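Printed here is input.cif (mmCIF, C-alpha atoms and all ligand atoms):
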data_input
#
loop_
_atom_site.label_atom_id
_atom_site.label_comp_id
_atom_site.auth_asym_id
_atom_site.auth_seq_id
_atom_site.Cartn_x
_atom_site.Cartn_y
_atom_site.Cartn_z
CA MET A 20 -6.72 39.54 20.86
CA SER A 21 -5.64 36.61 22.93
CA LEU A 22 -2.33 34.81 22.47
CA LYS A 23 -1.79 31.14 23.01
CA LEU A 24 1.09 30.95 25.48
CA PRO A 25 2.70 27.66 26.52
CA ILE A 26 1.75 28.08 30.21
CA ASP A 27 -0.78 30.17 32.11
CA VAL A 28 0.83 33.60 32.40
CA HIS A 29 -1.27 34.39 35.47
CA ALA A 30 0.62 31.68 37.35
CA ILE A 31 3.83 33.71 37.01
CA LYS A 32 4.54 36.39 39.60
CA GLY A 33 5.21 39.70 37.95
CA PHE A 34 4.34 43.22 36.99
CA LEU A 35 3.01 43.28 33.44
CA ALA A 36 -0.55 43.71 32.20
CA ALA A 37 -1.76 41.21 29.60
CA HIS A 38 -2.18 43.83 26.86
CA GLU A 39 1.37 45.07 27.50
CA GLY A 40 2.67 41.50 27.27
CA GLU A 41 0.82 40.91 24.03
CA ALA A 42 2.36 44.08 22.59
CA LEU A 43 5.81 42.78 23.59
CA TYR A 44 5.08 39.48 21.89
CA HIS A 45 4.29 41.18 18.59
CA LEU A 46 7.28 43.52 18.88
CA ALA A 47 9.70 40.64 19.47
CA ALA A 48 8.32 38.79 16.46
CA GLU A 49 8.73 41.87 14.24
CA ALA A 50 12.10 42.83 15.70
CA SER A 51 13.63 39.48 14.79
CA ALA A 52 14.06 40.81 11.26
CA PHE A 53 16.63 43.24 12.69
CA GLY A 54 18.37 41.23 15.39
CA SER A 55 17.99 39.42 18.71
CA SER A 56 15.86 40.73 21.56
CA LEU A 57 17.05 41.68 25.04
CA GLU A 58 15.16 42.48 28.22
CA VAL A 59 16.49 44.17 31.32
CA GLY A 60 14.45 42.99 34.30
CA SER A 61 13.03 39.47 34.01
CA TYR A 62 12.04 38.87 37.65
CA CYS A 63 10.09 35.58 37.58
CA GLY A 64 9.72 35.50 33.80
CA LYS A 65 6.36 37.07 33.01
CA SER A 66 7.65 39.43 30.29
CA THR A 67 10.13 36.71 29.31
CA LEU A 68 7.26 34.33 28.59
CA TYR A 69 5.73 36.74 26.07
CA LEU A 70 9.01 37.74 24.44
CA ALA A 71 10.47 34.25 24.26
CA SER A 72 7.25 32.75 22.90
CA ALA A 73 7.58 35.13 19.97
CA CYS A 74 11.28 34.27 19.63
CA LYS A 75 10.33 30.60 19.43
CA LEU A 76 7.82 31.36 16.69
CA VAL A 77 10.43 33.10 14.52
CA ASP A 78 13.44 31.15 15.86
CA SER A 79 15.15 34.18 17.35
CA VAL A 80 16.80 34.51 20.77
CA LEU A 81 15.99 36.52 23.88
CA PHE A 82 18.77 37.65 26.22
CA ALA A 83 17.19 38.01 29.66
CA VAL A 84 19.32 40.29 31.84
CA ASP A 85 18.62 40.38 35.58
CA HIS A 86 20.85 40.04 38.65
CA HIS A 87 17.78 38.46 40.29
CA ARG A 88 18.48 40.29 43.55
CA GLY A 89 15.36 42.43 43.18
CA SER A 90 14.89 46.15 42.70
CA GLU A 91 14.59 48.65 45.54
CA GLU A 92 10.86 47.94 45.96
CA HIS A 93 11.40 44.16 46.29
CA GLN A 94 13.71 44.33 49.29
CA PRO A 95 12.53 43.22 52.77
CA GLY A 96 10.17 45.80 54.26
CA GLU A 97 9.41 47.40 50.89
CA GLU A 98 6.05 47.50 49.14
CA TYR A 99 6.62 44.66 46.65
CA HIS A 100 8.70 42.34 48.80
CA ASP A 101 7.80 38.67 48.30
CA PRO A 102 9.15 36.47 51.13
CA GLU A 103 8.86 33.39 48.88
CA LEU A 104 11.67 34.83 46.75
CA PHE A 105 13.97 35.56 49.68
CA ASP A 106 17.02 33.31 50.09
CA GLU A 107 17.44 33.02 53.86
CA GLY A 108 20.86 31.39 53.42
CA VAL A 109 22.47 34.47 51.96
CA GLN A 110 19.85 36.95 53.18
CA LEU A 111 19.21 38.21 49.65
CA MET A 112 16.40 38.18 47.14
CA ASP A 113 16.71 35.46 44.51
CA SER A 114 14.14 35.25 41.70
CA PHE A 115 16.41 33.15 39.45
CA ARG A 116 15.23 29.74 40.66
CA THR A 117 11.60 30.67 40.03
CA PHE A 118 12.52 32.28 36.70
CA ARG A 119 14.28 29.11 35.54
CA ARG A 120 11.45 26.90 36.70
CA ASN A 121 8.93 28.99 34.75
CA ILE A 122 10.99 29.09 31.55
CA ARG A 123 11.51 25.34 31.74
CA ALA A 124 7.79 24.72 32.36
CA ALA A 125 7.06 26.80 29.27
CA GLN A 126 9.62 24.77 27.28
CA LEU A 127 11.35 27.97 26.21
CA GLU A 128 14.90 27.21 27.36
CA GLU A 129 16.16 26.96 23.78
CA TRP A 130 15.12 30.54 23.06
CA VAL A 131 16.20 32.26 26.29
CA VAL A 132 19.75 33.13 27.32
CA PRO A 133 19.64 34.16 30.99
CA VAL A 134 22.27 36.77 31.79
CA VAL A 135 22.48 36.79 35.58
CA ALA A 136 24.37 39.99 36.22
CA PRO A 137 23.84 43.68 36.90
CA SER A 138 22.76 45.38 33.70
CA ALA A 139 25.86 47.60 33.53
CA VAL A 140 28.19 44.61 33.92
CA ALA A 141 26.39 42.61 31.24
CA ALA A 142 26.62 45.61 28.90
CA ARG A 143 30.32 46.18 29.44
CA CYS A 144 31.52 43.83 26.69
CA TRP A 145 28.31 43.70 24.68
CA ASN A 146 28.81 43.70 20.93
CA THR A 147 25.70 42.10 19.45
CA PRO A 148 23.27 44.25 17.45
CA LEU A 149 19.74 44.11 18.85
CA GLY A 150 16.33 44.30 17.20
CA LEU A 151 14.49 44.96 20.47
CA VAL A 152 15.47 46.22 23.91
CA PHE A 153 12.83 46.07 26.63
CA ILE A 154 13.74 48.06 29.76
CA ASP A 155 12.00 47.04 33.00
CA GLY A 156 14.85 46.94 35.50
CA GLY A 157 15.55 49.19 38.49
CA HIS A 158 13.33 52.25 38.65
CA SER A 159 15.69 54.70 40.34
CA LEU A 160 16.87 57.46 38.02
CA GLU A 161 20.42 56.12 38.16
CA ALA A 162 19.35 52.56 37.30
CA ALA A 163 17.05 53.62 34.46
CA MET A 164 19.68 55.96 32.99
CA THR A 165 22.29 53.22 33.18
CA ASP A 166 19.98 50.80 31.37
CA TYR A 167 19.16 53.34 28.69
CA ARG A 168 22.80 54.34 28.14
CA SER A 169 24.01 50.74 28.23
CA TRP A 170 21.54 49.18 25.82
CA ALA A 171 19.78 51.71 23.56
CA ARG A 172 22.93 52.21 21.50
CA HIS A 173 22.90 48.55 20.44
CA ILE A 174 19.49 48.82 18.76
CA VAL A 175 19.85 48.79 14.99
CA PRO A 176 17.90 51.24 12.76
CA GLY A 177 14.33 49.99 12.46
CA GLY A 178 14.62 48.12 15.77
CA TYR A 179 12.56 48.86 18.88
CA LEU A 180 13.07 50.29 22.34
CA ALA A 181 10.25 49.44 24.75
CA ILE A 182 10.14 50.99 28.22
CA HIS A 183 7.78 49.83 30.95
CA ASP A 184 6.08 51.86 33.70
CA ILE A 185 5.80 55.19 31.95
CA PHE A 186 3.73 57.57 34.05
CA PRO A 187 3.53 61.11 32.63
CA ASP A 188 1.66 62.15 35.78
CA PRO A 189 3.91 61.84 38.87
CA ALA A 190 0.79 61.08 40.92
CA ASP A 191 0.55 57.74 39.08
CA GLY A 192 4.09 56.47 39.62
CA GLY A 193 7.85 57.04 39.62
CA GLN A 194 9.34 59.23 36.93
CA ALA A 195 12.60 57.48 35.98
CA PRO A 196 11.18 55.34 33.13
CA TYR A 197 9.38 58.42 31.80
CA ASP A 198 12.62 60.40 32.04
CA ILE A 199 14.54 57.94 29.84
CA TYR A 200 11.59 57.75 27.45
CA LYS A 201 11.78 61.56 27.05
CA LEU A 202 15.55 61.38 26.70
CA ALA A 203 15.24 58.84 23.88
CA LEU A 204 12.74 61.03 22.02
CA ALA A 205 14.84 64.16 22.58
CA SER A 206 17.89 62.39 21.16
CA ALA A 207 16.12 62.28 17.77
CA GLN A 208 17.43 58.73 17.43
CA PHE A 209 14.03 57.32 18.34
CA GLU A 210 10.47 58.04 17.27
CA LEU A 211 7.31 57.10 19.12
CA VAL A 212 5.41 54.13 17.71
CA GLU A 213 2.71 53.72 20.35
CA MET A 214 1.81 53.61 24.01
CA VAL A 215 0.22 50.39 25.26
CA GLY A 216 -0.87 50.88 28.85
CA THR A 217 2.33 52.04 30.57
CA LEU A 218 4.53 50.54 27.86
CA GLY A 219 6.21 53.09 25.60
CA VAL A 220 7.26 51.69 22.23
CA LEU A 221 9.88 53.62 20.26
CA ARG A 222 11.60 52.85 16.97
CA ARG A 223 15.24 53.56 16.17
CA VAL A 224 15.29 55.85 13.13
C1 LIG B 301 9.91 45.23 37.82
S1 LIG B 301 10.89 43.79 37.91
C2 LIG B 301 10.75 43.12 36.27
C3 LIG B 301 9.38 42.59 36.01
C4 LIG B 301 9.27 41.68 34.80
N1 LIG B 301 9.66 42.35 33.58
C5 LIG B 301 7.87 41.11 34.69
O1 LIG B 301 7.33 41.05 33.57
O2 LIG B 301 7.31 40.70 35.71
C6 LIG B 301 12.52 44.47 37.89
C7 LIG B 301 13.65 43.45 37.84
O3 LIG B 301 14.83 44.17 37.53
C8 LIG B 301 15.91 43.59 38.21
N2 LIG B 301 16.96 44.62 38.34
C9 LIG B 301 16.89 45.77 39.03
N3 LIG B 301 18.03 46.48 38.88
C10 LIG B 301 18.83 45.75 38.09
C11 LIG B 301 20.16 45.92 37.57
N4 LIG B 301 20.86 47.03 37.85
N5 LIG B 301 20.69 44.96 36.81
C12 LIG B 301 19.98 43.83 36.52
N6 LIG B 301 18.72 43.61 36.96
C13 LIG B 301 18.16 44.55 37.74
C14 LIG B 301 15.35 43.12 39.53
O4 LIG B 301 16.15 42.08 40.06
C15 LIG B 301 13.92 42.70 39.13
O5 LIG B 301 13.84 41.32 38.93
#
Take the structure from the file and write it as structure tokens.
Amino acid sequence: MSLKLPIDVHAIKGFLAAHEGEALYHLAAEASAFGSSLEVGSYCGKSTLYLASACKLVDSVLFAVDHHRGSEEHQPGEEYHDPELFDEGVQLMDSFRTFRRNIRAAQLEEWVVPVVAPSAVAARCWNTPLGLVFIDGGHSLEAAMTDYRSWARHIVPGGYLAIHDIFPDPADGGQAPYDIYKLALASAQFELVEMVGTLGVLRRV
């Protein structure tokens, strides 16, 4: 299966495999029957491109939450640091300019609401029911738990929770996303729909 996206997704820096992105596209389209979609962790807009393209198709809206200061692994000296995204003026990471440029190039601005804030701050006054929450923010246990606790409760019955970077074998990657995935299943509020690569897709029962 190959989707027709408004711009070449390979031109966008990011951390999502094409088959995972395509799964997100279909989820966002389906989830619109239940409510808006929200992602935690947009970075330069790769996952946003898939999700928002589906939102455009069904005239839904994607809330894209990211403080754009990078996760632990994006900081100077860390494995995934990208000097092109470093703002020398304030000595901080800043992926927002690139994110905005990409969403504009894709002509998706009408379907994306950027929420430039830490996930926990954005969630503090949140009151809107959601049809899909995609979690791909910070990968420390504290960050992943905060994202799960902040956002999963806003998913309406029938809606989806998608979690990226699930590695059941610790040799393959960090365990925090897998930990919140297990927590969601153990809560009995979510059931497993499918795994697509490292993307776990759960449905709110
Ligand atoms: C792995 S990247 C997201 C990749 C993106 N989904 C893609 O498709 O390329 C993680 C992002 O989460 C953001 N992030 C990390 N912790 C956060 C937090 N507590 N609140 C908001 N954003 C956060 C970082 O700024 C970074 O852009």
Counting all atoms listed in the file, what are the residues, protein, DNA or RNA alike, that approach ligand LIG 301 (chain B) to within 7 Å? I want them as a compact mmCIF listing (two decimals) with C-alpha atoms, in the frame of the given file.
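The resulting file, result09.txt, is reproduced below:
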# COMPACT_ATOMS: atom_id res chain seq x y z
CA LYS A 32 4.54 36.39 39.60
CA GLY A 33 5.21 39.70 37.95
CA PHE A 34 4.34 43.22 36.99
CA LEU A 35 3.01 43.28 33.44
CA VAL A 59 16.49 44.17 31.32
CA GLY A 60 14.45 42.99 34.30
CA SER A 61 13.03 39.47 34.01
CA TYR A 62 12.04 38.87 37.65
CA CYS A 63 10.09 35.58 37.58
CA GLY A 64 9.72 35.50 33.80
CA LYS A 65 6.36 37.07 33.01
CA SER A 66 7.65 39.43 30.29
CA THR A 67 10.13 36.71 29.31
CA VAL A 84 19.32 40.29 31.84
CA ASP A 85 18.62 40.38 35.58
CA HIS A 86 20.85 40.04 38.65
CA HIS A 87 17.78 38.46 40.29
CA ARG A 88 18.48 40.29 43.55
CA GLY A 89 15.36 42.43 43.18
CA SER A 90 14.89 46.15 42.70
CA SER A 114 14.14 35.25 41.70
CA ALA A 136 24.37 39.99 36.22
CA PRO A 137 23.84 43.68 36.90
CA SER A 138 22.76 45.38 33.70
CA ALA A 139 25.86 47.60 33.53
CA ASP A 155 12.00 47.04 33.00
CA GLY A 156 14.85 46.94 35.50
CA GLY A 157 15.55 49.19 38.49
CA ALA A 162 19.35 52.56 37.30
Determine, counting only C-alpha atoms, every residue of protein, DNA or RNA that lies within 9 Å of (15.1, 58.3, 15.1) in the file coordinates, then give the result as a PDB file with C-alpha atoms, in the frame of the given file.
ATOM      1  CA  PRO A 176      17.900  51.240  12.760  1.00  0.00           C
ATOM      2  CA  GLY A 177      14.330  49.990  12.460  1.00  0.00           C
ATOM      3  CA  ALA A 203      15.240  58.840  23.880  1.00  0.00           C
ATOM      4  CA  LEU A 204      12.740  61.030  22.020  1.00  0.00           C
ATOM      5  CA  SER A 206      17.890  62.390  21.160  1.00  0.00           C
ATOM      6  CA  ALA A 207      16.120  62.280  17.770  1.00  0.00           C
ATOM      7  CA  GLN A 208      17.430  58.730  17.430  1.00  0.00           C
ATOM      8  CA  PHE A 209      14.030  57.320  18.340  1.00  0.00           C
ATOM      9  CA  GLU A 210      10.470  58.040  17.270  1.00  0.00           C
ATOM     10  CA  LEU A 211       7.310  57.100  19.120  1.00  0.00           C
ATOM     11  CA  LEU A 221       9.880  53.620  20.260  1.00  0.00           C
ATOM     12  CA  ARG A 222      11.600  52.850  16.970  1.00  0.00           C
ATOM     13  CA  ARG A 223      15.240  53.560  16.170  1.00  0.00           C
ATOM     14  CA  VAL A 224      15.290  55.850  13.130  1.00  0.00           C
TER      15      VAL A 224
END
Could you name the residues that touch A:Val220 at 6 Å or less, counting all atoms listed in the file, but leaving out those on the same chain fewer than 4 positions away, as a PyMOL selection string? chain A and resi 180-181+212-213
Hey, which of A:Phe82, A:Ala205, A:Asp191, A:Glu103 ends up closest to A:Trp170? Count all atoms listed in the file. A:Phe82
Dump as a ChimeraX atom specification all residues having an atom at most 10 Å from (10.9, 51.9, 34.2), computed in the file's coordinates with all atoms listed in the file. /A:59-60,153-160,162-164,166,181-186,192-200,217-219
What does the file look like for those residues with C-alpha atoms, as a JSON list (two decimals), keeping the file's coordinate frame?
[["chain", "number", "residue", "atom", "x", "y", "z"],
["A", 59, "VAL", "CA", 16.49, 44.17, 31.32],
["A", 60, "GLY", "CA", 14.45, 42.99, 34.30],
["A", 153, "PHE", "CA", 12.83, 46.07, 26.63],
["A", 154, "ILE", "CA", 13.74, 48.06, 29.76],
["A", 155, "ASP", "CA", 12.00, 47.04, 33.00],
["A", 156, "GLY", "CA", 14.85, 46.94, 35.50],
["A", 157, "GLY", "CA", 15.55, 49.19, 38.49],
["A", 158, "HIS", "CA", 13.33, 52.25, 38.65],
["A", 159, "SER", "CA", 15.69, 54.70, 40.34],
["A", 160, "LEU", "CA", 16.87, 57.46, 38.02],
["A", 162, "ALA", "CA", 19.35, 52.56, 37.30],
["A", 163, "ALA", "CA", 17.05, 53.62, 34.46],
["A", 164, "MET", "CA", 19.68, 55.96, 32.99],
["A", 166, "ASP", "CA", 19.98, 50.80, 31.37],
["A", 181, "ALA", "CA", 10.25, 49.44, 24.75],
["A", 182, "ILE", "CA", 10.14, 50.99, 28.22],
["A", 183, "HIS", "CA", 7.78, 49.83, 30.95],
["A", 184, "ASP", "CA", 6.08, 51.86, 33.70],
["A", 185, "ILE", "CA", 5.80, 55.19, 31.95],
["A", 186, "PHE", "CA", 3.73, 57.57, 34.05],
["A", 192, "GLY", "CA", 4.09, 56.47, 39.62],
["A", 193, "GLY", "CA", 7.85, 57.04, 39.62],
["A", 194, "GLN", "CA", 9.34, 59.23, 36.93],
["A", 195, "ALA", "CA", 12.60, 57.48, 35.98],
["A", 196, "PRO", "CA", 11.18, 55.34, 33.13],
["A", 197, "TYR", "CA", 9.38, 58.42, 31.80],
["A", 198, "ASP", "CA", 12.62, 60.40, 32.04],
["A", 199, "ILE", "CA", 14.54, 57.94, 29.84],
["A", 200, "TYR", "CA", 11.59, 57.75, 27.45],
["A", 217, "THR", "CA", 2.33, 52.04, 30.57],
["A", 218, "LEU", "CA", 4.53, 50.54, 27.86],
["A", 219, "GLY", "CA", 6.21, 53.09, 25.60]]
Within 10 Å of stretch 43-49 of chain A, counting all atoms listed in the file, which residues qualify if same-chain residues fewer than 2 places away don't, as a VMD selection string? chain A and resid 22 37 to 41 51 to 57 66 to 81 150 to 153 178 to 181 215 218 220
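Atom to atom, atom CA of A:Phe115 and atom CA of A:Val132 stand 12.6 Å apart.
With distances restricted to only C-alpha atoms, A:Ala142 is the closest residue to A:Ser169 from A:Ala190, A:Thr147, A:His29, A:Ala142.
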Mind working out the centre and edge lengths of an axis-aligned box for stretch 178-188 of chain A, all listed atoms inside, 8 Å added to each side, rounded to one decimal in Å and written as JSON?
{"center_x": 8.1, "center_y": 55.1, "center_z": 25.8, "size_x": 29.0, "size_y": 30.0, "size_z": 36.0}
Atomic distance atom CA of A:Leu202 - atom CA of A:Arg168, expressed in Å with one decimal: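 Rounded to one decimal, the two atoms are 10.2 Å apart.
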Place N, CA and C atoms on stretch 63-94 of chain A and deliver the coordinates as an mmCIF file, in the coordinates of the input.
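Once written, selection_27.cif looks like this:
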data_model
loop_
_atom_site.group_PDB
_atom_site.id
_atom_site.type_symbol
_atom_site.label_atom_id
_atom_site.label_comp_id
_atom_site.auth_asym_id
_atom_site.auth_seq_id
_atom_site.Cartn_x
_atom_site.Cartn_y
_atom_site.Cartn_z
ATOM 1 N N CYS A 63 10.433 37.017 37.602
ATOM 2 C CA CYS A 63 10.090 35.580 37.580
ATOM 3 C C CYS A 63 9.744 35.092 36.172
ATOM 4 N N GLY A 64 9.854 35.969 35.193
ATOM 5 C CA GLY A 64 9.720 35.500 33.800
ATOM 6 C C GLY A 64 8.419 35.824 33.107
ATOM 7 N N LYS A 65 7.642 36.751 33.662
ATOM 8 C CA LYS A 65 6.360 37.070 33.010
ATOM 9 C C LYS A 65 6.600 37.713 31.630
ATOM 10 N N SER A 66 7.361 38.797 31.587
ATOM 11 C CA SER A 66 7.650 39.430 30.290
ATOM 12 C C SER A 66 8.456 38.468 29.413
ATOM 13 N N THR A 67 9.317 37.679 30.046
ATOM 14 C CA THR A 67 10.130 36.710 29.310
ATOM 15 C C THR A 67 9.245 35.717 28.557
ATOM 16 N N LEU A 68 8.167 35.304 29.208
ATOM 17 C CA LEU A 68 7.260 34.330 28.590
ATOM 18 C C LEU A 68 6.692 34.880 27.276
ATOM 19 N N TYR A 69 6.272 36.138 27.299
ATOM 20 C CA TYR A 69 5.730 36.740 26.070
ATOM 21 C C TYR A 69 6.819 36.883 25.002
ATOM 22 N N LEU A 70 7.946 37.464 25.416
ATOM 23 C CA LEU A 70 9.010 37.740 24.440
ATOM 24 C C LEU A 70 9.582 36.451 23.858
ATOM 25 N N ALA A 71 9.839 35.493 24.725
ATOM 26 C CA ALA A 71 10.470 34.250 24.260
ATOM 27 C C ALA A 71 9.507 33.395 23.441
ATOM 28 N N SER A 72 8.219 33.494 23.721
ATOM 29 C CA SER A 72 7.250 32.750 22.900
ATOM 30 C C SER A 72 7.288 33.259 21.462
ATOM 31 N N ALA A 73 7.447 34.563 21.312
ATOM 32 C CA ALA A 73 7.580 35.130 19.970
ATOM 33 C C ALA A 73 8.903 34.709 19.344
ATOM 34 N N CYS A 74 9.964 34.694 20.148
ATOM 35 C CA CYS A 74 11.280 34.270 19.630
ATOM 36 C C CYS A 74 11.208 32.828 19.143
ATOM 37 N N LYS A 75 10.480 31.995 19.860
ATOM 38 C CA LYS A 75 10.330 30.600 19.430
ATOM 39 C C LYS A 75 9.625 30.543 18.075
ATOM 40 N N LEU A 76 8.604 31.339 17.933
ATOM 41 C CA LEU A 76 7.820 31.360 16.690
ATOM 42 C C LEU A 76 8.688 31.685 15.478
ATOM 43 N N VAL A 77 9.620 32.634 15.657
ATOM 44 C CA VAL A 77 10.430 33.100 14.520
ATOM 45 C C VAL A 77 11.876 32.601 14.623
ATOM 46 N N ASP A 78 12.125 31.709 15.586
ATOM 47 C CA ASP A 78 13.440 31.150 15.860
ATOM 48 C C ASP A 78 14.509 32.225 16.054
ATOM 49 N N SER A 79 14.195 33.164 16.934
ATOM 50 C CA SER A 79 15.150 34.180 17.350
ATOM 51 C C SER A 79 15.570 33.866 18.799
ATOM 52 N N VAL A 80 16.315 34.761 19.411
ATOM 53 C CA VAL A 80 16.800 34.510 20.770
ATOM 54 C C VAL A 80 16.535 35.725 21.643
ATOM 55 N N LEU A 81 16.175 35.450 22.898
ATOM 56 C CA LEU A 81 15.990 36.520 23.880
ATOM 57 C C LEU A 81 17.092 36.445 24.929
ATOM 58 N N PHE A 82 17.837 37.525 25.102
ATOM 59 C CA PHE A 82 18.770 37.650 26.220
ATOM 60 C C PHE A 82 17.991 38.265 27.382
ATOM 61 N N ALA A 83 17.983 37.571 28.511
ATOM 62 C CA ALA A 83 17.190 38.010 29.660
ATOM 63 C C ALA A 83 18.123 38.432 30.786
ATOM 64 N N VAL A 84 18.341 39.744 30.889
ATOM 65 C CA VAL A 84 19.320 40.290 31.840
ATOM 66 C C VAL A 84 18.633 40.635 33.169
ATOM 67 N N ASP A 85 19.143 40.055 34.243
ATOM 68 C CA ASP A 85 18.620 40.380 35.580
ATOM 69 C C ASP A 85 19.616 39.820 36.604
ATOM 70 N N HIS A 86 19.981 40.625 37.606
ATOM 71 C CA HIS A 86 20.850 40.040 38.650
ATOM 72 C C HIS A 86 20.023 39.184 39.606
ATOM 73 N N HIS A 87 18.723 39.262 39.478
ATOM 74 C CA HIS A 87 17.780 38.460 40.290
ATOM 75 C C HIS A 87 17.886 38.732 41.783
ATOM 76 N N ARG A 88 18.417 39.892 42.138
ATOM 77 C CA ARG A 88 18.480 40.290 43.550
ATOM 78 C C ARG A 88 17.373 41.278 43.892
ATOM 79 N N GLY A 89 16.484 41.544 42.918
ATOM 80 C CA GLY A 89 15.360 42.430 43.180
ATOM 81 C C GLY A 89 15.730 43.891 43.059
ATOM 82 N N SER A 90 14.725 44.692 42.734
ATOM 83 C CA SER A 90 14.890 46.150 42.700
ATOM 84 C C SER A 90 14.654 46.695 44.113
ATOM 85 N N GLU A 91 14.760 48.003 44.224
ATOM 86 C CA GLU A 91 14.590 48.650 45.540
ATOM 87 C C GLU A 91 13.271 48.215 46.192
ATOM 88 N N GLU A 92 12.199 48.186 45.394
ATOM 89 C CA GLU A 92 10.860 47.940 45.960
ATOM 90 C C GLU A 92 10.603 46.472 46.318
ATOM 91 N N HIS A 93 11.569 45.582 45.962
ATOM 92 C CA HIS A 93 11.400 44.160 46.290
ATOM 93 C C HIS A 93 12.127 43.754 47.563
ATOM 94 N N GLN A 94 12.881 44.679 48.133
ATOM 95 C CA GLN A 94 13.710 44.330 49.290
ATOM 96 C C GLN A 94 12.833 44.183 50.553
#
